[in-house]
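Novice: Dropping a structure here in structure tokens format, bear with me for questions.
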Amino acid sequence: MLVTGGVGSLIRLFDSPSCRPCTPTDTDHKTFSFSTTIGKVKIPDFDKETERKQREVGKLNVEGFSESKPQPKEQRQVGKLGDIDFNKKKDDAAPKPVKKVGKLSNPFEKQGQSAGSAPARKGPGKISSRFGNKFGGSGLQNDGGSEILKSSMTESRRAVRGPSRRAPSSNPVKNLESRKDVSKDYRAASEMKEMTDDFIKDYLGPGLSKAADLDRIASPRPSPTPAAGKKNSLTNNKGFANEAVDALRATEDYTKIKLNKGHTQKAVKEVAGGKEQLQETLLVQIKGKQSMQTRLVAPHFSSLNSYECFLLITPKTLFQFNGKHASVLKKSKGTELVTAITMAKEFKCMADKATVLEQVRGSYLLRQFNKHLQINNENEQVSEKQTDDEEYEKEQNSANVGYVLDEEGKNFTMVPELSGKRLKQSRLKDSNIYCFDYGVEVYVWIGRAADRSARKNAMIAGRQIWDSKQRPSWGIFQRIAGGLEHSLFREKFKDWPDANAVNVLTVKNPCAPKKDKITFVDMEPCDGEQMRTPLPENPPGLVLEMTDVGRGLGLPTDLSQDIFGHDVETTSVEMWRITDSSYEEYPQELYGQFYSGESFIIRWAYRVMQGGKKQDHDTGRDRAAFFFWQGADCTIKEKGKSAFLTVRVDSERAPQVQLDQSTEPPAFLQIFNGSMVTYKGKISDDRSDKRRRLFLYRGETEKEGSLTELDEISCTSLRSRGSFIIQDGESLLYVWHGCKSRAHTVAGAFRAANTLADQPRSEGERPAVVEVQEGSESKEFWKCFVGGKISYFNLMDDERKYAKSLRLFNLYEDKKQFVYKEIEYSCRYPKVAAPYPFLQSDLYSAEQPALFILDALYTVYVWVGWWPSHTPDGEVLAHTGSAETDFVERYKLTLQTALAYSELDTKEKPDMVVVNAGAEPTEFKCLFPWWKDQEDIPGGKPGPTPLDEELKKFLQTEFTLKELQAKPPPIGCDPLRLEQYLSNTEFKAIFKMSKKEFLNLQAWKQRKLKQQHDLF
């Protein structure tokens, strides 16, 4: 039962007859339980199996309970309360005694049971004497070092009040030290083993073996019934998990276990019957100039050379040997390879850094380097023999052989496109398996998406290629997995990205000033083979309102490419001419007649009619587009006015397209059905029919043909590959055809001449049209030209055919890469050779100094621009020395690109010529429809020069003092070290010291000496 109340209620309960404690005779092993709560003190229930003899609740001792087999346990301490005396009942008539906080007598004392005693509780601490005097106490009593207030009122209150609600504060460190179950010192492994054995012995009992009883514990069986008065030691305790028992029983000898050493590369092994070959000691040579070659050579001292850079790779060390004559590019490439090898631990080299060796005789490091090499004679010296780097590059690249695994996955097939040159990474496809034979190095490269069944036979087939030739024992035959290529394999390709490059995320301060980053990147020439890739037959069409109108007639249907064609029909055309202040309507009979000094607005109304199976909801809708055409002789103000007025005219918000003279797209030319004519000057100029004019015909189809009036009526304006129209007054039109003019040009020019003759005139009859072939001109014909018949450049004696169009490439630097862009002719037509697709403005309007390559079929020209002195607005321009150095580097790459481009044409074998702006030869000018010499280009430049001679200038290593003092310095010279290009004799005569002594001087002294001789 549960009894609640105060101390008095507990006393009445214990004194009542019905609540006397039961004895063993009253109840046959039956017990009762009760719990009570006195303030914060709780007396727990008594267990049925045993009766507690003594329980301490705080500092309260309760006596009177006993059992036959007492089992002492640690007394539980719930709270702190002094001894309370329960001898006096609450209902006694005697006056209430003063209860002392201390020992408490047990109310069951009459049963003959003795009560225990509890230590007295210390006072709460020191109390000020003022507190005692206030309550009339007799002062303070010292109890165990504490002063306790002694008065009748305080003693009675202290006796009846309960314990404090606040838990006593405790120090966790002291509590941890007082715990007996926590070990305070380190026990060795042997001591822990003894403790484990003792524990098992106590658990299993004396005289039992460890292994047998562990098996008995682990095996599940029903627990035996204990005999009377005895208990089973196994069932008396809690069981262990099977895993714990297995762990105690297990004995492992870790000394016999061998762990594999971690490594970034797989060991050399036999893969599907193809055994790899990779030696521990490798000697790599770095040689070349333009495309650096990294090749494996024999690990012999005789392989070293003073002009090259070498890497010696061993399992523990890595050396970089720099010859005393090695170039900076070779040393830089060696440093890159060292970084790649040490970071990825390639070739099982565990070195953290490389030892850099400069070629110094008697050096200790050099002797350590020689220990890993085979040497015939201890006095053997490093070779001083120099070989041409470019010839070495050609020789090595021509010996490269590439194979592709066939579809059956059994044999490798040689591919010419992968052989005889240095490849790009883009040539490797992840779905294929390749084998590359580099002489002493053979690699089987397996793409990530390659067929798994084919991978098994790849190494066997690759081993057959390796065994087909006699190869040295120090060579490499290795399997390369896609994405895990090492540096020696990556260097066999042109543009393989750096696999060890680390992208570091940096947080920039937005308030920090921006600084220009100076980076040095070794650019490479453009790929000549890629430049020879032909352009698409049709140029990009004109797109209006998200519809490609093509050449102004629509697009054909091509179901093979899921292209549903459509037709475009012209519904109307309107023209306006831009005047000084506004615009005015242009007479309809003059539609198609333009002037180089005027600007015009043309409104083209058209309709798109969808063809094929696919239908469009916009089919048949009337559309419009506005073109504002600007003549070549218009001022900037007039061009801006035309753009502004076009917006005013366009009330439909239709597309607006800007067009420059002679660059019109086919969609614009077909609007006038081949009758477009561009006159020179303005419409207000004298247009008397008696005036002589010279027109050039351009166009690849009849509907796209046009006539352009030339500035000079001279024989020098004629071109042997074109057709011209000469207007001799009002009575005659000559149609002159060059000896190399194509059939479509001849027909188009004759048609355009008749259209010109049919134009309305103020008086007179229609002029006659007469065709003239080059070489059969009459005297009357030559009288039409200023100065009569004079010598001009022609192809009369050239028996070669000109059946291809010219190609033009602009080469420049973009994002630290040397790239090219092909200039496209917007009016090219499939299978039709355009005689003059490019204009002079394509060269001169580019940002100068520009670099172009012009493929003229039988000659490849390199056109070099000029350094402008003024901007178009008249501001003075000044270029720095670094800009000149960058241009020289680009010029060198352009020459190398032109050389590679020309060498690919083995059939024609074109000539290679370098021309400078302002000094172009006549044969170069005649490659364009018209040419006008520019006055703002500085003169004095050399004429056409063979490309080979220009390239030799970059190979020249010595110059005279006068040549080095020229501004700009000679091509290929570093402007920061011009003095090094002097010969040793001249250098000593000028500086009174050798080059080695000069380099040992301080920087400021070197600078001062160079300034004295104008070498900076």
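Order determines the names: the first chain of the structure tokens is A, the second B, and so forth; residues in each chain are numbered 1 upward, and ligands are numbered 1 upward as they are shown.
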Let's see if you can do this: from backbone DSSP, list all alpha helix (DSSP H) residues in stretch 338-404 of chain A, as number ranges by chain.

Specialist: A: 338-344, 364-370, 389-398

Novice: For the residues in the current selection, export C-alpha atoms as a short mmCIF file (atom, residue, chain, number, x, y, z; two decimals), in the first residue's frame.

Specialist:
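This went into out-v4.cif:
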```cif
data_model
loop_
_atom_site.label_atom_id
_atom_site.label_comp_id
_atom_site.auth_asym_id
_atom_site.auth_seq_id
_atom_site.Cartn_x
_atom_site.Cartn_y
_atom_site.Cartn_z
CA VAL A 338 59.56 16.18 -63.73
CA THR A 339 56.49 17.77 -62.16
CA ALA A 340 54.19 15.25 -63.83
CA ILE A 341 56.29 12.25 -62.79
CA THR A 342 56.70 13.29 -59.14
CA MET A 343 53.05 14.21 -58.67
CA ALA A 344 51.59 11.01 -60.17
CA TYR A 364 79.53 14.82 -57.05
CA LEU A 365 75.90 14.81 -58.23
CA LEU A 366 77.03 13.93 -61.73
CA ARG A 367 78.87 10.90 -60.36
CA GLN A 368 75.69 9.82 -58.59
CA PHE A 369 73.89 10.24 -61.89
CA ASN A 370 76.43 8.10 -63.74
CA ASP A 389 66.39 19.65 -84.29
CA GLU A 390 63.95 20.12 -87.15
CA GLU A 391 65.40 17.20 -89.10
CA TYR A 392 65.17 15.10 -85.95
CA GLU A 393 61.49 16.04 -85.56
CA LYS A 394 60.68 15.08 -89.14
CA GLU A 395 62.56 11.82 -88.81
CA GLN A 396 60.83 10.82 -85.59
CA ASN A 397 57.34 11.84 -86.76
CA SER A 398 57.70 10.03 -90.09
#
```

Novice: Using only C-alpha atoms, determine which residues lie at most 6 Å from A:Leu893, disregarding the query and same-chain residues fewer than 3 positions distant; provide the list as a PyMOL selection string.

Specialist: chain A and resi 525+890+896

Novice: Would you export the selected residues with N, CA and C atoms as a PDB file, in the first residue's frame, please?

Specialist:
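Output file selection-v1.pdb follows:
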```pdb
ATOM      1  N   PRO A 525      52.248  26.319 -84.229  1.00  0.00           N
ATOM      2  CA  PRO A 525      51.626  26.676 -85.512  1.00  0.00           C
ATOM      3  C   PRO A 525      50.278  25.989 -85.678  1.00  0.00           C
ATOM      4  N   ARG A 890      54.282  35.760 -83.675  1.00  0.00           N
ATOM      5  CA  ARG A 890      53.149  35.388 -84.526  1.00  0.00           C
ATOM      6  C   ARG A 890      53.572  35.262 -85.994  1.00  0.00           C
ATOM      7  N   GLN A 896      55.612  29.169 -90.405  1.00  0.00           N
ATOM      8  CA  GLN A 896      55.616  27.719 -90.200  1.00  0.00           C
ATOM      9  C   GLN A 896      54.287  27.100 -90.620  1.00  0.00           C
TER      10      GLN A 896
END
```

Novice: Could you give me, as a PDB file with C-alpha atoms, in the first residue's frame, the residues within 9 Å of A:Phe477, counting only C-alpha atoms and dropping anything in the same chain fewer than 4 positions from it?

Specialist:
```
ATOM      1  CA  LYS A 275      53.374  -9.604 -71.379  1.00  0.00           C
ATOM      2  CA  GLU A 276      54.237  -5.992 -70.677  1.00  0.00           C
ATOM      3  CA  GLN A 277      57.838  -4.783 -70.687  1.00  0.00           C
ATOM      4  CA  LEU A 278      58.946  -1.857 -68.563  1.00  0.00           C
ATOM      5  CA  VAL A 440      61.531   1.426 -78.983  1.00  0.00           C
ATOM      6  CA  GLU A 441      58.148   2.295 -77.467  1.00  0.00           C
ATOM      7  CA  VAL A 442      54.956   0.397 -78.265  1.00  0.00           C
ATOM      8  CA  TYR A 443      51.727   1.282 -76.476  1.00  0.00           C
ATOM      9  CA  VAL A 444      48.329  -0.411 -76.605  1.00  0.00           C
ATOM     10  CA  GLY A 462      50.041  -5.765 -79.648  1.00  0.00           C
ATOM     11  CA  ARG A 463      52.697  -8.248 -78.555  1.00  0.00           C
ATOM     12  CA  TRP A 466      56.327  -5.749 -80.657  1.00  0.00           C
TER      13      TRP A 466
END
```

Novice: Would you kindly return, as number ranges by chain, each protein, DNA or RNA residue with an atom no farther than 8 Å from any atom of A:Leu795, considering only C-alpha atoms and excluding same-chain residues fewer than 2 positions away?

Specialist: A: 720, 739-740, 793, 797-798

Novice: Give the strand (DSSP E) residues of stretch 526-655 of chain A, as DSSP finds them on the backbone, and put them as number ranges by chain.

Specialist: A: 543-544, 547-548, 554-555, 566-578, 583-585, 593-595, 599-610, 622-630

Novice: Within 6 Å of stretch 671-675 of chain A, counting only C-alpha atoms, which residues show up once you throw out same-chain ones fewer than 2 positions away? Write them as a tab-separated table (two decimals) with N, CA and C atoms, in the first residue's frame, please.

Specialist:
```tsv
chain	number	residue	atom	x	y	z
A	592	GLY	N	17.64	48.83	-108.85
A	592	GLY	CA	18.82	48.03	-109.16
A	592	GLY	C	20.03	48.85	-109.48
A	668	PHE	N	19.95	39.04	-101.42
A	668	PHE	CA	19.75	40.42	-101.85
A	668	PHE	C	19.96	40.58	-103.35
A	669	LEU	N	20.96	39.90	-103.90
A	669	LEU	CA	21.26	40.04	-105.33
A	669	LEU	C	20.13	39.49	-106.20
A	702	GLU	N	23.29	33.50	-112.91
A	702	GLU	CA	22.75	34.64	-113.66
A	702	GLU	C	21.92	35.57	-112.79
A	703	LYS	N	21.10	35.00	-111.88
A	703	LYS	CA	20.25	35.84	-111.05
A	703	LYS	C	21.01	36.59	-109.97
A	704	GLU	N	22.24	36.17	-109.69
A	704	GLU	CA	23.05	36.82	-108.65
A	704	GLU	C	24.17	37.67	-109.25
A	705	GLY	N	24.17	37.88	-110.56
A	705	GLY	CA	25.21	38.68	-111.19
A	705	GLY	C	25.04	40.16	-110.93
A	706	SER	N	26.15	40.89	-110.97
A	706	SER	CA	26.14	42.33	-110.74
A	706	SER	C	27.33	42.96	-111.45
```

Novice: How far is it from atom CA of A:Gln530 to atom CA of A:Phe489, in Å with one decimal?

Specialist: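 Separation of atom CA of A:Gln530 and atom CA of A:Phe489: 23.2 Å.
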
Novice: Choose the residue, out of A:Ser776, A:Gln840, A:Ser723, A:Ser651, that has the smallest atom-to-atom separation from A:Tyr697; count only C-alpha atoms.

Specialist: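 With only C-alpha atoms as the atom set, the closest residue is A:Ser723.
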
Novice: Report, in Å with one decimal, the straight-line distance from atom CA of A:Tyr820 to atom CA of A:Arg721.

Specialist: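 Distance between the two atoms: 27.8 Å.
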
Novice: For stretch 630-632 of chain A, list every protein, DNA or RNA residue within 6 Å, evaluated using only C-alpha atoms, and leave out those in the same chain fewer than 3 positions away; present the list as a list in words.

Specialist: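 The filter keeps Ser596, Gly597, Glu598, Ser599, Asp660 and Gln661 of chain A.
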